[in-house]
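S.K.: My questions all concern the structure below.
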Amino acid sequence: MKAIEARGLLAVHRSSGGAVAALRGLDLDVEAGEIVAVVGPSGSGKTTLLRILASAEAPTAGSVSVFGTALERADPRQLRRHRREIVGVVDQHYRRALSPYLPAAEIAGLPLALRGRSPGERAARVAELLAATGLGDRQRARSAELSGGEQQRLAVAAALAFRPRLLLADEPTGELDADATARLLELIRDLVRADGATAVIVTHDPAVEAIADRVVILEDGRAVATRLGPLGEPEVPAVDAAGWHAPETTWRHARPAPAPPTEPASTRADEAPAGEAVAAVVLEGVSRRYGGAGRAVEALDDLNALIPARGVTAITGPSGSGKSTLVRLIAGLDRPDSGRVLVLGRDLAGLDREELAMLRSTRIGIAEQARGLVPFLTVRENVELAVAVRAAAASEPPGPPAQGPSGASDDGGERVTAILERLGLAHLGARQPGELSAGERTRVAIARALVTEPALLVLDEPTATLDRVNAARVAELLAGLGTELAVVVATHDPVLVDIAGSRIELARPGAAR
């Protein structure tokens, strides 16, 4: 029996901006026991395919069968059984699966408790999974006390807990370092082999493609080719049931080279241009810990570093080393337990909440891992909103809106248009965030951070959900911006590390090397 058999899948999403076809007649077969990686550019329909396979969304047309159950014809009882007994899901919005009130061990064991498994069975399985995902020492930590990568691994552990027949994972390694990625992929591979399960993994990560039995390439809502093994192996063009042949395209053969490294920025006052600040950020003995008595975790410990006023600075290190914590401290979104953080000549300890908000609104551009786009505004309006907020904070009259209700000035409107074009988002301006792929939403968040022309740009894992081409595009953009301002990026992505003129390398529990 095939694990998955899909024919002519059509998925149309309708909104105030019109109808958008996410899938356009997709055909797909997956054998039981296979690991299949699904790749393709942002917006090609990968996440929509997973949602249909999980019965979280019904196809507009076409048929899809999972282990013999025709999902498009299934009644509510069959769909509940499908979700309860067959499918384990790792959503790209993995934080939604993590209760803020439960410790990690209980989060991982919750799927088993809901299925009536005994306490002994739950404890043994949770211990096995947390050890395998490198979270054995974090059993009592709540999600807010975990790094982004640790939260991602915990979400995978919870999805695997009840040994599903079909694992559906959307970018499960997006925020993991190389070691954590290898450990997690080994766990997924072992589950499939040991339990006879099947896995469909949406990814931009070549490491995932390397463990897959087969790679399916999607473009424009169709399966256009397949290959056995990782990038570089021969591809077989797809032919669907109606005889449609995939046209030859450039995306899946692209090998974008990273932008050339920038020269390391000067940190000596006598080498800086006259009148120009040497450092955008100075960190002096910065420490930050989370958790109460008995379970406090050091995120950063006595960190000293200088971030040049111009150039790209990469914050690197394994998952859980404090990268996201450091980003939040630099942006004034959190305060250290000890030490000083000086940003653009201001000691953040001396600023109250209103003054910190003013600094962020007028001089700092921020795109965190949690992309806080306003869901009821269009892409363009979300970016225009940042211009309007900056104008209000700087007491500048915003003037008549260039487009939409946000209140951006004509000059702001021109900047919005320019940045949308630079990030390949101009054609998505009328859509709302809910209609976009994860990679597209990430690019919108970056556009919103850039459009206010900040003196300091702070980004947390900006390429984690981007395909190779768009990741290279963002790297090229950031390298260019580094000639004008300070760019700070927390990342595992070698493409971004390669363009950095300086680095802050962290090691758990946060000590700089």
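Simple scheme: letters A, B, ... for chains in structure tokens order, numbers from 1 for residues in each chain, numbers from 1 for ligands in the order shown.
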Please tabulate, as JSON lines, the residues of region 298-394 of chain A that come within 10 Å of region 485-488 of chain A, each with its closest pair of atoms and the distance in Å to one decimal, counting only C-alpha atoms and ordering rows by chain, then residue number upward.
M.R.:
{"residue": "A:Ile307", "atom": "CA", "partner": "A:Ala486", "partner_atom": "CA", "distance": 7.7}
{"residue": "A:Pro308", "atom": "CA", "partner": "A:Ala486", "partner_atom": "CA", "distance": 6.5}
{"residue": "A:Ala309", "atom": "CA", "partner": "A:Ala486", "partner_atom": "CA", "distance": 5.0}
{"residue": "A:Arg310", "atom": "CA", "partner": "A:Ala486", "partner_atom": "CA", "distance": 4.3}
{"residue": "A:Gly311", "atom": "CA", "partner": "A:Ala486", "partner_atom": "CA", "distance": 5.3}
{"residue": "A:Val312", "atom": "CA", "partner": "A:Val487", "partner_atom": "CA", "distance": 4.6}
{"residue": "A:Thr313", "atom": "CA", "partner": "A:Val488", "partner_atom": "CA", "distance": 4.9}
{"residue": "A:Ala314", "atom": "CA", "partner": "A:Val488", "partner_atom": "CA", "distance": 6.0}
{"residue": "A:Ile315", "atom": "CA", "partner": "A:Val488", "partner_atom": "CA", "distance": 7.3}
{"residue": "A:Val327", "atom": "CA", "partner": "A:Val488", "partner_atom": "CA", "distance": 8.1}
{"residue": "A:Ile330", "atom": "CA", "partner": "A:Val488", "partner_atom": "CA", "distance": 9.2}
{"residue": "A:Leu344", "atom": "CA", "partner": "A:Ala486", "partner_atom": "CA", "distance": 9.8}
{"residue": "A:Ile364", "atom": "CA", "partner": "A:Ala486", "partner_atom": "CA", "distance": 9.8}
{"residue": "A:Gly365", "atom": "CA", "partner": "A:Val487", "partner_atom": "CA", "distance": 9.4}
{"residue": "A:Ile366", "atom": "CA", "partner": "A:Val488", "partner_atom": "CA", "distance": 9.7}
S.K.: Closest to Gln152 (chain A) among A:Val379, A:Ala127, A:Ala299, A:Ala464, using only C-alpha atoms?
M.R.: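 Among the listed residues, A:Ala464 lies closest to Gln152 (chain A).
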S.K.: As a VMD selection string, please: all residues of region 279-476 of chain A that backbone DSSP puts in alpha helix (DSSP H).
M.R.: chain A and resid 323 to 330 353 to 363 379 to 393 410 to 422 438 to 450 468 to 476
S.K.: Write the selection just made, keeping C-alpha atoms, as a PDB file, in the first residue's frame?
M.R.:
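Okay, part.pdb is ready:
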ATOM      1  CA  LYS A 323      22.328  34.168  20.248  1.00  0.00           C
ATOM      2  CA  SER A 324      18.672  35.218  20.493  1.00  0.00           C
ATOM      3  CA  THR A 325      19.227  36.486  24.037  1.00  0.00           C
ATOM      4  CA  LEU A 326      22.065  38.698  22.819  1.00  0.00           C
ATOM      5  CA  VAL A 327      19.939  40.030  19.959  1.00  0.00           C
ATOM      6  CA  ARG A 328      17.203  41.023  22.413  1.00  0.00           C
ATOM      7  CA  LEU A 329      19.698  42.724  24.728  1.00  0.00           C
ATOM      8  CA  ILE A 330      21.180  44.747  21.866  1.00  0.00           C
ATOM      9  CA  ARG A 353      10.715  51.712  28.514  1.00  0.00           C
ATOM     10  CA  GLU A 354       9.459  54.761  26.634  1.00  0.00           C
ATOM     11  CA  GLU A 355      12.975  55.917  25.806  1.00  0.00           C
ATOM     12  CA  LEU A 356      13.945  52.423  24.640  1.00  0.00           C
ATOM     13  CA  ALA A 357      10.864  52.312  22.406  1.00  0.00           C
ATOM     14  CA  MET A 358      11.838  55.718  20.963  1.00  0.00           C
ATOM     15  CA  LEU A 359      15.366  54.476  20.238  1.00  0.00           C
ATOM     16  CA  ARG A 360      14.038  51.396  18.464  1.00  0.00           C
ATOM     17  CA  SER A 361      11.490  53.400  16.481  1.00  0.00           C
ATOM     18  CA  THR A 362      13.965  55.957  15.190  1.00  0.00           C
ATOM     19  CA  ARG A 363      17.395  54.283  14.974  1.00  0.00           C
ATOM     20  CA  VAL A 379       2.266  43.304   2.878  1.00  0.00           C
ATOM     21  CA  ARG A 380       2.706  46.878   1.702  1.00  0.00           C
ATOM     22  CA  GLU A 381       0.692  48.278   4.604  1.00  0.00           C
ATOM     23  CA  ASN A 382       2.795  46.293   7.098  1.00  0.00           C
ATOM     24  CA  VAL A 383       5.944  47.884   5.715  1.00  0.00           C
ATOM     25  CA  GLU A 384       4.338  51.343   5.471  1.00  0.00           C
ATOM     26  CA  LEU A 385       3.317  51.036   9.104  1.00  0.00           C
ATOM     27  CA  ALA A 386       6.980  51.002  10.149  1.00  0.00           C
ATOM     28  CA  VAL A 387       7.517  54.285   8.269  1.00  0.00           C
ATOM     29  CA  ALA A 388       4.498  55.834   9.961  1.00  0.00           C
ATOM     30  CA  VAL A 389       5.626  54.703  13.428  1.00  0.00           C
ATOM     31  CA  ARG A 390       9.071  56.191  12.881  1.00  0.00           C
ATOM     32  CA  ALA A 391       7.585  59.480  11.644  1.00  0.00           C
ATOM     33  CA  ALA A 392       5.324  59.679  14.688  1.00  0.00           C
ATOM     34  CA  ALA A 393       8.187  58.861  17.066  1.00  0.00           C
ATOM     35  CA  ASP A 410       5.225  60.133  -0.312  1.00  0.00           C
ATOM     36  CA  ASP A 411       8.955  59.751   0.424  1.00  0.00           C
ATOM     37  CA  GLY A 412       8.132  56.798   2.667  1.00  0.00           C
ATOM     38  CA  GLY A 413       6.019  55.323  -0.087  1.00  0.00           C
ATOM     39  CA  GLU A 414       8.945  55.461  -2.472  1.00  0.00           C
ATOM     40  CA  ARG A 415      11.165  53.754   0.104  1.00  0.00           C
ATOM     41  CA  VAL A 416       8.526  51.040   0.615  1.00  0.00           C
ATOM     42  CA  THR A 417       8.360  50.383  -3.124  1.00  0.00           C
ATOM     43  CA  ALA A 418      12.144  50.266  -3.393  1.00  0.00           C
ATOM     44  CA  ILE A 419      12.646  47.833  -0.510  1.00  0.00           C
ATOM     45  CA  LEU A 420       9.825  45.537  -1.658  1.00  0.00           C
ATOM     46  CA  GLU A 421      11.461  45.357  -5.066  1.00  0.00           C
ATOM     47  CA  ARG A 422      14.914  44.683  -3.566  1.00  0.00           C
ATOM     48  CA  ALA A 438       7.068  31.307   5.875  1.00  0.00           C
ATOM     49  CA  GLY A 439       9.936  32.489   3.690  1.00  0.00           C
ATOM     50  CA  GLU A 440       7.840  35.290   2.222  1.00  0.00           C
ATOM     51  CA  ARG A 441       6.778  36.439   5.695  1.00  0.00           C
ATOM     52  CA  THR A 442      10.427  36.481   6.754  1.00  0.00           C
ATOM     53  CA  ARG A 443      11.303  38.735   3.841  1.00  0.00           C
ATOM     54  CA  VAL A 444       8.422  41.073   4.747  1.00  0.00           C
ATOM     55  CA  ALA A 445       9.761  41.298   8.318  1.00  0.00           C
ATOM     56  CA  ILE A 446      13.206  42.171   6.950  1.00  0.00           C
ATOM     57  CA  ALA A 447      11.671  44.787   4.626  1.00  0.00           C
ATOM     58  CA  ARG A 448       9.841  46.358   7.553  1.00  0.00           C
ATOM     59  CA  ALA A 449      13.094  46.543   9.532  1.00  0.00           C
ATOM     60  CA  LEU A 450      15.009  48.108   6.635  1.00  0.00           C
ATOM     61  CA  ARG A 468      18.881  28.990  -1.379  1.00  0.00           C
ATOM     62  CA  VAL A 469      18.212  31.686  -3.954  1.00  0.00           C
ATOM     63  CA  ASN A 470      16.377  34.015  -1.575  1.00  0.00           C
ATOM     64  CA  ALA A 471      18.934  33.384   1.194  1.00  0.00           C
ATOM     65  CA  ALA A 472      21.684  34.469  -1.220  1.00  0.00           C
ATOM     66  CA  ARG A 473      19.596  37.513  -2.162  1.00  0.00           C
ATOM     67  CA  VAL A 474      19.254  38.532   1.496  1.00  0.00           C
ATOM     68  CA  ALA A 475      22.997  37.960   2.064  1.00  0.00           C
ATOM     69  CA  GLU A 476      23.856  40.171  -0.880  1.00  0.00           C
TER      70      GLU A 476
END
S.K.: Report the closest atom pair, with its distance in Å rounded to one decimal, for each residue of region 436-474 of chain A that has an atom no farther than 12 Å from region 331-338 of chain A; count only C-alpha atoms, sort by chain and then rising residue number, and write it as a Markdown table.
M.R.:
| residue | atom | partner | partner_atom | distance |
| --- | --- | --- | --- | --- |
| A:Leu456 | CA | A:Ala331 | CA | 9.2 |
| A:Leu457 | CA | A:Ala331 | CA | 9.2 |
| A:Val458 | CA | A:Ala331 | CA | 7.2 |
| A:Leu459 | CA | A:Ala331 | CA | 9.8 |
| A:Asp460 | CA | A:Ala331 | CA | 11.0 |
S.K.: Between A:Ala158, A:Arg122, A:Arg142, A:Ala21, which has the minimum distance to Ala108 (chain A) (counting only C-alpha atoms)?
M.R.: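 Going through A:Ala158, A:Arg122, A:Arg142, A:Ala21 one by one, the smallest distance to Ala108 (chain A) is for A:Ala158.
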S.K.: Could you give me, as a PDB file with all heavy atoms, in the first residue's frame, the residues within 10 Å of Ile35 (chain A), counting only C-alpha atoms and dropping anything in the same chain fewer than 5 positions from it?
M.R.:
ATOM      1  N   VAL A  30       4.055   8.529  -2.547  1.00  0.00           N
ATOM      2  CA  VAL A  30       5.076   8.253  -1.539  1.00  0.00           C
ATOM      3  C   VAL A  30       4.877   6.829  -1.049  1.00  0.00           C
ATOM      4  O   VAL A  30       3.768   6.463  -0.616  1.00  0.00           O
ATOM      5  CB  VAL A  30       4.986   9.234  -0.354  1.00  0.00           C
ATOM      6  CG1 VAL A  30       6.006   8.867   0.726  1.00  0.00           C
ATOM      7  CG2 VAL A  30       5.201  10.674  -0.823  1.00  0.00           C
ATOM      8  N   LEU A 166       2.979   8.455   9.912  1.00  0.00           N
ATOM      9  CA  LEU A 166       3.391   9.459   8.934  1.00  0.00           C
ATOM     10  C   LEU A 166       3.858  10.704   9.683  1.00  0.00           C
ATOM     11  O   LEU A 166       3.084  11.313  10.430  1.00  0.00           O
ATOM     12  CB  LEU A 166       2.228   9.816   7.999  1.00  0.00           C
ATOM     13  CG  LEU A 166       2.480  10.950   7.000  1.00  0.00           C
ATOM     14  CD1 LEU A 166       3.616  10.608   6.050  1.00  0.00           C
ATOM     15  CD2 LEU A 166       1.201  11.272   6.216  1.00  0.00           C
ATOM     16  N   LEU A 167       5.108  11.074   9.508  1.00  0.00           N
ATOM     17  CA  LEU A 167       5.634  12.299  10.087  1.00  0.00           C
ATOM     18  C   LEU A 167       5.653  13.376   9.015  1.00  0.00           C
ATOM     19  O   LEU A 167       6.226  13.191   7.933  1.00  0.00           O
ATOM     20  CB  LEU A 167       7.059  12.079  10.613  1.00  0.00           C
ATOM     21  CG  LEU A 167       7.763  13.336  11.142  1.00  0.00           C
ATOM     22  CD1 LEU A 167       7.084  13.825  12.415  1.00  0.00           C
ATOM     23  CD2 LEU A 167       9.241  13.066  11.382  1.00  0.00           C
ATOM     24  N   ILE A 188      15.121  11.207  13.276  1.00  0.00           N
ATOM     25  CA  ILE A 188      14.017  11.031  12.324  1.00  0.00           C
ATOM     26  C   ILE A 188      14.254   9.799  11.458  1.00  0.00           C
ATOM     27  O   ILE A 188      13.348   8.980  11.246  1.00  0.00           O
ATOM     28  CB  ILE A 188      13.865  12.298  11.469  1.00  0.00           C
ATOM     29  CG1 ILE A 188      13.350  13.454  12.327  1.00  0.00           C
ATOM     30  CG2 ILE A 188      12.911  12.049  10.292  1.00  0.00           C
ATOM     31  CD1 ILE A 188      13.298  14.785  11.597  1.00  0.00           C
ATOM     32  N   ARG A 189      15.470   9.653  10.972  1.00  0.00           N
ATOM     33  CA  ARG A 189      15.787   8.498  10.128  1.00  0.00           C
ATOM     34  C   ARG A 189      15.618   7.190  10.896  1.00  0.00           C
ATOM     35  O   ARG A 189      15.050   6.214  10.378  1.00  0.00           O
ATOM     36  CB  ARG A 189      17.214   8.622   9.604  1.00  0.00           C
ATOM     37  CG  ARG A 189      17.615   7.536   8.612  1.00  0.00           C
ATOM     38  CD  ARG A 189      19.079   7.677   8.267  1.00  0.00           C
ATOM     39  NE  ARG A 189      19.906   7.584   9.468  1.00  0.00           N
ATOM     40  CZ  ARG A 189      21.099   8.170   9.581  1.00  0.00           C
ATOM     41  NH1 ARG A 189      21.596   8.895   8.610  1.00  0.00           N
ATOM     42  NH2 ARG A 189      21.793   8.034  10.707  1.00  0.00           N
ATOM     43  N   VAL A 192      11.891   6.268  11.297  1.00  0.00           N
ATOM     44  CA  VAL A 192      11.318   5.723  10.068  1.00  0.00           C
ATOM     45  C   VAL A 192      11.761   4.280   9.863  1.00  0.00           C
ATOM     46  O   VAL A 192      10.958   3.398   9.543  1.00  0.00           O
ATOM     47  CB  VAL A 192      11.718   6.612   8.868  1.00  0.00           C
ATOM     48  CG1 VAL A 192      11.335   5.951   7.553  1.00  0.00           C
ATOM     49  CG2 VAL A 192      11.061   7.980   8.989  1.00  0.00           C
ATOM     50  N   ARG A 193      13.039   4.033  10.072  1.00  0.00           N
ATOM     51  CA  ARG A 193      13.546   2.684   9.827  1.00  0.00           C
ATOM     52  C   ARG A 193      13.052   1.690  10.880  1.00  0.00           C
ATOM     53  O   ARG A 193      12.652   0.579  10.554  1.00  0.00           O
ATOM     54  CB  ARG A 193      15.084   2.705   9.846  1.00  0.00           C
ATOM     55  CG  ARG A 193      15.715   3.635   8.823  1.00  0.00           C
ATOM     56  CD  ARG A 193      15.327   3.284   7.390  1.00  0.00           C
ATOM     57  NE  ARG A 193      16.012   4.159   6.444  1.00  0.00           N
ATOM     58  CZ  ARG A 193      15.411   4.810   5.475  1.00  0.00           C
ATOM     59  NH1 ARG A 193      14.101   4.701   5.320  1.00  0.00           N
ATOM     60  NH2 ARG A 193      16.097   5.570   4.640  1.00  0.00           N
ATOM     61  N   ALA A 197       7.794   3.766   9.726  1.00  0.00           N
ATOM     62  CA  ALA A 197       7.038   4.986   9.473  1.00  0.00           C
ATOM     63  C   ALA A 197       7.461   5.603   8.146  1.00  0.00           C
ATOM     64  O   ALA A 197       8.398   5.144   7.479  1.00  0.00           O
ATOM     65  CB  ALA A 197       7.232   5.981  10.609  1.00  0.00           C
ATOM     66  N   THR A 198       6.755   6.643   7.771  1.00  0.00           N
ATOM     67  CA  THR A 198       7.016   7.393   6.544  1.00  0.00           C
ATOM     68  C   THR A 198       7.192   8.846   6.935  1.00  0.00           C
ATOM     69  O   THR A 198       6.546   9.317   7.873  1.00  0.00           O
ATOM     70  CB  THR A 198       5.835   7.247   5.565  1.00  0.00           C
ATOM     71  OG1 THR A 198       5.602   5.852   5.316  1.00  0.00           O
ATOM     72  CG2 THR A 198       6.097   7.966   4.255  1.00  0.00           C
ATOM     73  N   ALA A 199       8.057   9.554   6.239  1.00  0.00           N
ATOM     74  CA  ALA A 199       8.286  10.962   6.559  1.00  0.00           C
ATOM     75  C   ALA A 199       8.245  11.799   5.296  1.00  0.00           C
ATOM     76  O   ALA A 199       8.839  11.429   4.273  1.00  0.00           O
ATOM     77  CB  ALA A 199       9.625  11.154   7.268  1.00  0.00           C
ATOM     78  N   VAL A 200       7.541  12.919   5.369  1.00  0.00           N
ATOM     79  CA  VAL A 200       7.555  13.936   4.311  1.00  0.00           C
ATOM     80  C   VAL A 200       8.036  15.222   4.975  1.00  0.00           C
ATOM     81  O   VAL A 200       7.396  15.735   5.890  1.00  0.00           O
ATOM     82  CB  VAL A 200       6.166  14.138   3.679  1.00  0.00           C
ATOM     83  CG1 VAL A 200       6.220  15.256   2.635  1.00  0.00           C
ATOM     84  CG2 VAL A 200       5.674  12.845   3.051  1.00  0.00           C
ATOM     85  N   ILE A 201       9.175  15.718   4.503  1.00  0.00           N
ATOM     86  CA  ILE A 201       9.834  16.845   5.166  1.00  0.00           C
ATOM     87  C   ILE A 201       9.997  17.981   4.165  1.00  0.00           C
ATOM     88  O   ILE A 201      10.695  17.836   3.154  1.00  0.00           O
ATOM     89  CB  ILE A 201      11.210  16.447   5.721  1.00  0.00           C
ATOM     90  CG1 ILE A 201      11.108  15.189   6.598  1.00  0.00           C
ATOM     91  CG2 ILE A 201      11.823  17.598   6.505  1.00  0.00           C
ATOM     92  CD1 ILE A 201      12.448  14.649   7.045  1.00  0.00           C
ATOM     93  N   VAL A 208      18.948  17.770   5.077  1.00  0.00           N
ATOM     94  CA  VAL A 208      17.728  16.967   5.042  1.00  0.00           C
ATOM     95  C   VAL A 208      17.665  16.187   3.736  1.00  0.00           C
ATOM     96  O   VAL A 208      17.319  14.998   3.712  1.00  0.00           O
ATOM     97  CB  VAL A 208      16.481  17.853   5.214  1.00  0.00           C
ATOM     98  CG1 VAL A 208      15.216  17.017   5.123  1.00  0.00           C
ATOM     99  CG2 VAL A 208      16.532  18.592   6.546  1.00  0.00           C
ATOM    100  N   GLU A 209      17.988  16.867   2.629  1.00  0.00           N
ATOM    101  CA  GLU A 209      17.984  16.180   1.340  1.00  0.00           C
ATOM    102  C   GLU A 209      18.942  14.989   1.355  1.00  0.00           C
ATOM    103  O   GLU A 209      18.680  13.963   0.715  1.00  0.00           O
ATOM    104  CB  GLU A 209      18.381  17.157   0.231  1.00  0.00           C
ATOM    105  CG  GLU A 209      17.425  18.337   0.070  1.00  0.00           C
ATOM    106  CD  GLU A 209      17.858  19.265  -1.040  1.00  0.00           C
ATOM    107  OE1 GLU A 209      18.306  18.762  -2.086  1.00  0.00           O
ATOM    108  OE2 GLU A 209      17.758  20.494  -0.860  1.00  0.00           O
ATOM    109  N   ILE A 211      19.597  12.851   3.717  1.00  0.00           N
ATOM    110  CA  ILE A 211      19.095  11.630   4.354  1.00  0.00           C
ATOM    111  C   ILE A 211      17.838  11.103   3.681  1.00  0.00           C
ATOM    112  O   ILE A 211      17.341  10.038   4.047  1.00  0.00           O
ATOM    113  CB  ILE A 211      18.798  11.859   5.851  1.00  0.00           C
ATOM    114  CG1 ILE A 211      17.583  12.769   6.037  1.00  0.00           C
ATOM    115  CG2 ILE A 211      20.010  12.379   6.586  1.00  0.00           C
ATOM    116  CD1 ILE A 211      16.860  12.586   7.340  1.00  0.00           C
ATOM    117  N   ALA A 212      17.304  11.841   2.713  1.00  0.00           N
ATOM    118  CA  ALA A 212      16.047  11.447   2.076  1.00  0.00           C
ATOM    119  C   ALA A 212      16.272  10.334   1.061  1.00  0.00           C
ATOM    120  O   ALA A 212      17.301  10.285   0.386  1.00  0.00           O
ATOM    121  CB  ALA A 212      15.403  12.653   1.394  1.00  0.00           C
ATOM    122  N   ASP A 213      15.295   9.438   0.962  1.00  0.00           N
ATOM    123  CA  ASP A 213      15.329   8.439  -0.092  1.00  0.00           C
ATOM    124  C   ASP A 213      15.068   9.075  -1.449  1.00  0.00           C
ATOM    125  O   ASP A 213      15.575   8.612  -2.479  1.00  0.00           O
ATOM    126  CB  ASP A 213      14.263   7.363   0.161  1.00  0.00           C
ATOM    127  CG  ASP A 213      14.489   6.639   1.470  1.00  0.00           C
ATOM    128  OD1 ASP A 213      15.592   6.107   1.672  1.00  0.00           O
ATOM    129  OD2 ASP A 213      13.568   6.628   2.314  1.00  0.00           O
ATOM    130  N   ARG A 214      14.264  10.157  -1.418  1.00  0.00           N
ATOM    131  CA  ARG A 214      13.887  10.810  -2.669  1.00  0.00           C
ATOM    132  C   ARG A 214      13.605  12.280  -2.376  1.00  0.00           C
ATOM    133  O   ARG A 214      13.119  12.631  -1.295  1.00  0.00           O
ATOM    134  CB  ARG A 214      12.651  10.124  -3.255  1.00  0.00           C
ATOM    135  CG  ARG A 214      12.250  10.572  -4.654  1.00  0.00           C
ATOM    136  CD  ARG A 214      11.346   9.499  -5.296  1.00  0.00           C
ATOM    137  NE  ARG A 214      10.257   9.117  -4.426  1.00  0.00           N
ATOM    138  CZ  ARG A 214       9.017   9.632  -4.494  1.00  0.00           C
ATOM    139  NH1 ARG A 214       8.730  10.549  -5.401  1.00  0.00           N
ATOM    140  NH2 ARG A 214       8.070   9.216  -3.679  1.00  0.00           N
ATOM    141  N   VAL A 215      13.931  13.140  -3.333  1.00  0.00           N
ATOM    142  CA  VAL A 215      13.660  14.574  -3.228  1.00  0.00           C
ATOM    143  C   VAL A 215      12.650  14.944  -4.312  1.00  0.00           C
ATOM    144  O   VAL A 215      12.838  14.605  -5.483  1.00  0.00           O
ATOM    145  CB  VAL A 215      14.942  15.400  -3.394  1.00  0.00           C
ATOM    146  CG1 VAL A 215      14.643  16.905  -3.319  1.00  0.00           C
ATOM    147  CG2 VAL A 215      15.974  15.017  -2.341  1.00  0.00           C
TER     148      VAL A 215
END
S.K.: Neighbouring residues of Arg340 (chain A) were defined as those with any atom within 7 Å, considering only C-alpha atoms; residues of the same chain fewer than 3 positions away were excluded. Please report them as a PyMOL selection string.
M.R.: chain A and resi 283-286
S.K.: Just to be explicit: take each residue in the selection above, keep C-alpha atoms, and write the result as a PDB file, in the first residue's frame.
M.R.:
ATOM      1  CA  LEU A 283      29.114  44.919  25.499  1.00  0.00           C
ATOM      2  CA  GLU A 284      30.895  45.035  28.846  1.00  0.00           C
ATOM      3  CA  GLY A 285      30.727  41.997  31.136  1.00  0.00           C
ATOM      4  CA  VAL A 286      27.181  41.135  30.031  1.00  0.00           C
TER       5      VAL A 286
END
S.K.: Find the residues near Leu168 (chain A): any atom within 12 Å, counting only C-alpha atoms, skip ones fewer than 4 places away on the same chain, and give them as a PyMOL selection string.
M.R.: chain A and resi 4+35-38+46-56+83+86-92+156+159-160+164+172+188+192+197-203
S.K.: If you measure from CA of Glu150 (chain A) to CA of Glu186 (chain A), what distance in Å do you get, rounded to one decimal?
M.R.: 16.4 Å
